[in-house]
Amino acid sequence: MVVSTRHTKRQDTGGVSGKKHKQIDRSTHTDYDPWTQFLYVPRTVTFLVVGLLALTYFSHPFESSSIQDPLAARKASYENVKHGIWAIVSVFLGYSAVQGTSSPHLVRPHPSFWKLVHGVMICYLSFMVFLLFQTVDDARIFLKHLYPELGVELAERAYGESCNLLLPDGHVNWGVIKDTVFDEFVIAHTLGWWGKALILRNEGMLWVVSITFELLELTFQHLLPNFNECWWDSWILDVLICNFIGIVTGMWTVRYFHSKEYNWRGISEQPTLFAKARRGIMQFTPHSLDSFQWHIFSTPKRCLQCFFPGAVILLFEVNHFFLKYELWVPPTNPLNTIRLSILFLMAIPGIREYYEFIESDSNDIFNKLGPFAWTAVAIAFVETLIIIKFGHGMFPQPWPTKVLVAWGTAAAVFLVVFSTWSLRFYWKKTKKDKRV
């Protein structure tokens with residue numbers, strides 16, 4: 001989640017000798033603190049040797065693999081396949097951490113950490129592609145290999161079964177209020193919006209995403225019981241309390257790190273033991289945090305470009321609930337936490353890559369979307385394909401007329417307003433260009 005304004009890279013020697021080339025490389029080592037310089041030495045050969053030794057140890061190549069007992073052989077075959085898959089993942093992640101593409105912006109806590117994050121993203125994308133070619137039943141069975149307790153149909157919790165704040169006798173319905181307010185996911189909900197503020201860094205866009213998601217819950221509540229919430233749960237607890245706290249504290253965090261005066265002197269230069277410890281902890285904070293100037297309504301094209309990351313975030317949010325429902329994954333299962341952690345870690349550099357992509361010169365034919373943003377879009381698309389494929393026959397309920405009318409009207413109004421604005425904008429621009 002880091003932005004560095006200083007980075008070192010190998011200089012083009014222009015045909016100079018290898019000896020001089022090595023001297024140039026060694027000069028860059030002065031940029032690192034003597035106490036932590038060893039952490040930034042690549043040591044690719046060391047990692048290669050250690051990795052190969054680990055494979056040799058865990059694969060047991062010098063032991064006989066023949067088993068006479070058929071039952072034991074079947075069990076051993078299953079374990080070998082499972083260990084082989086995890087070995088493939090480990091080798092790929094090890095390669096990513098050592099040889100993955102580095103970025104000058106991702107320096108905290110360590111460049112290899114973000115290389116590893118990108119490797120995890122590719123593994124998750126590959127896993128989703130694998131599920132895409134399965135049936136929903138086979139996908140559920142496959143997930144049992146990760147967590148044996150999965151593969152059991154879930155009873156979805158509907159939060160809107162009792163929405164009356166007052167009981168028939170006139171007393172306050174404290175039971176429903178306490179069950180909703182003290183739900184285990186309220187804190188997670190608030191933290192999620194704090195994280196989204198660190199990602200988008202624009203209050204207007206955050207509130208648009210916040211309100212739109214509540215509208216999407218109303219849209220899909222006839223399909224997912226989990227979206228069936230009380231009006232005061234959706235608009236008061238979620239939007240006005242949880243989302244508000246998350247957005248406000250998140251934007252405060254952005255402003256704090258943006259205006260903070262940074263002192264990145266190395267640990268060895270700190271005068272006291274406490275200062276050294278404090279500097280070590282600061283390694284896990286952003287190197288710096290830039291604010292994004294989205295300029296949403298500067299041009300029609302820019303407006304659509306700013307809508308896109310919000311749409312991707314909403315797609316990930318909705319996908320989360322549909323994947324849980326279709327694959328029978330309970331909310332407390334670690335797979336949900338793992339997925340959300342992957343999305344958060346990829347969104348931090350991904351949104352910056354997208355911002356730089358739309359900020360770059362439109363005439364630059366070599367401009368490209370960064371790897372984190374590219375992979376995030378691919379993951380969102382593949383997840384959506386899985387939901388569509390697995391959802392066949394699972395949602396027989398017809399779309400409510402009021403939902404179709406509401407979204408149809410909204411789409412028509414948007415098209416009229418946006419088209420009118422675009423025509424006027426480009427007509428004025430063309431007229432101005434002719435004068436010049």
# chains A, B, ... in the order shown; residues from 1 in each chain; ligands from 1

$ residues_around --residues "region 119-130 of chain A" --least-positions-apart "5" --cutoff "9 Å" --atoms "only C-alpha atoms" --output "count of residues only"
21

$ atom_distance --atom1 "CA of Arg352 (chain A)" --atom2 "CA of Ser291 (chain A)"
10.0 Å

$ atom_distance --atom1 "CA of Lys196 (chain A)" --atom2 "CA of Phe344 (chain A)"
8.3 Å

$ closest_residue --among "A:Met394, A:Ala73, A:Cys242, A:Leu154" --to "Ala188 (chain A)" --atoms "only C-alpha atoms"
A:Cys242

$ decode --residues "region 115-133 of chain A" --atoms "N, CA, C and O atoms" --output "tab-separated table (two decimals), in the first residue's frame"
chain	number	residue	atom	x	y	z
A	115	LYS	N	5.40	-9.04	-4.59
A	115	LYS	CA	5.57	-10.06	-5.62
A	115	LYS	C	4.80	-11.33	-5.22
A	115	LYS	O	4.16	-11.98	-6.05
A	116	LEU	N	4.88	-11.66	-3.93
A	116	LEU	CA	4.17	-12.83	-3.42
A	116	LEU	C	2.66	-12.63	-3.52
A	116	LEU	O	1.91	-13.56	-3.87
A	117	VAL	N	2.19	-11.42	-3.21
A	117	VAL	CA	0.76	-11.11	-3.31
A	117	VAL	C	0.28	-11.32	-4.75
A	117	VAL	O	-0.79	-11.91	-4.98
A	118	HIS	N	1.06	-10.85	-5.71
A	118	HIS	CA	0.66	-11.03	-7.11
A	118	HIS	C	0.65	-12.51	-7.47
A	118	HIS	O	-0.23	-12.97	-8.22
A	119	GLY	N	1.59	-13.26	-6.93
A	119	GLY	CA	1.59	-14.70	-7.16
A	119	GLY	C	0.35	-15.36	-6.60
A	119	GLY	O	-0.23	-16.26	-7.23
A	120	VAL	N	-0.08	-14.94	-5.41
A	120	VAL	CA	-1.31	-15.48	-4.81
A	120	VAL	C	-2.51	-15.12	-5.69
A	120	VAL	O	-3.44	-15.93	-5.86
A	121	MET	N	-2.52	-13.91	-6.24
A	121	MET	CA	-3.61	-13.50	-7.13
A	121	MET	C	-3.70	-14.42	-8.35
A	121	MET	O	-4.79	-14.83	-8.75
A	122	ILE	N	-2.55	-14.75	-8.94
A	122	ILE	CA	-2.54	-15.64	-10.11
A	122	ILE	C	-3.04	-17.03	-9.72
A	122	ILE	O	-3.79	-17.67	-10.48
A	123	CYS	N	-2.64	-17.50	-8.53
A	123	CYS	CA	-3.12	-18.81	-8.06
A	123	CYS	C	-4.64	-18.78	-7.88
A	123	CYS	O	-5.34	-19.74	-8.24
A	124	TYR	N	-5.16	-17.69	-7.31
A	124	TYR	CA	-6.60	-17.59	-7.11
A	124	TYR	C	-7.33	-17.52	-8.45
A	124	TYR	O	-8.38	-18.17	-8.63
A	125	LEU	N	-6.79	-16.75	-9.39
A	125	LEU	CA	-7.39	-16.68	-10.72
A	125	LEU	C	-7.39	-18.06	-11.38
A	125	LEU	O	-8.39	-18.47	-11.99
A	126	SER	N	-6.29	-18.79	-11.25
A	126	SER	CA	-6.20	-20.13	-11.83
A	126	SER	C	-7.21	-21.07	-11.18
A	126	SER	O	-7.83	-21.90	-11.85
A	127	PHE	N	-7.37	-20.93	-9.86
A	127	PHE	CA	-8.34	-21.75	-9.14
A	127	PHE	C	-9.76	-21.46	-9.61
A	127	PHE	O	-10.57	-22.37	-9.81
A	128	MET	N	-10.07	-20.18	-9.82
A	128	MET	CA	-11.39	-19.82	-10.32
A	128	MET	C	-11.61	-20.34	-11.74
A	128	MET	O	-12.71	-20.79	-12.09
A	129	VAL	N	-10.59	-20.30	-12.57
A	129	VAL	CA	-10.70	-20.83	-13.94
A	129	VAL	C	-10.96	-22.34	-13.88
A	129	VAL	O	-11.77	-22.88	-14.65
A	130	PHE	N	-10.30	-23.03	-12.96
A	130	PHE	CA	-10.53	-24.47	-12.79
A	130	PHE	C	-11.99	-24.74	-12.41
A	130	PHE	O	-12.64	-25.61	-12.98
A	131	LEU	N	-12.52	-23.97	-11.44
A	131	LEU	CA	-13.90	-24.16	-11.03
A	131	LEU	C	-14.87	-23.86	-12.17
A	131	LEU	O	-15.95	-24.46	-12.26
A	132	LEU	N	-14.49	-22.92	-13.04
A	132	LEU	CA	-15.36	-22.53	-14.15
A	132	LEU	C	-15.67	-23.71	-15.07
A	132	LEU	O	-16.72	-23.76	-15.69
A	133	PHE	N	-14.76	-24.68	-15.14
A	133	PHE	CA	-14.94	-25.82	-16.04
A	133	PHE	C	-15.52	-27.04	-15.32
A	133	PHE	O	-15.50	-28.14	-15.88
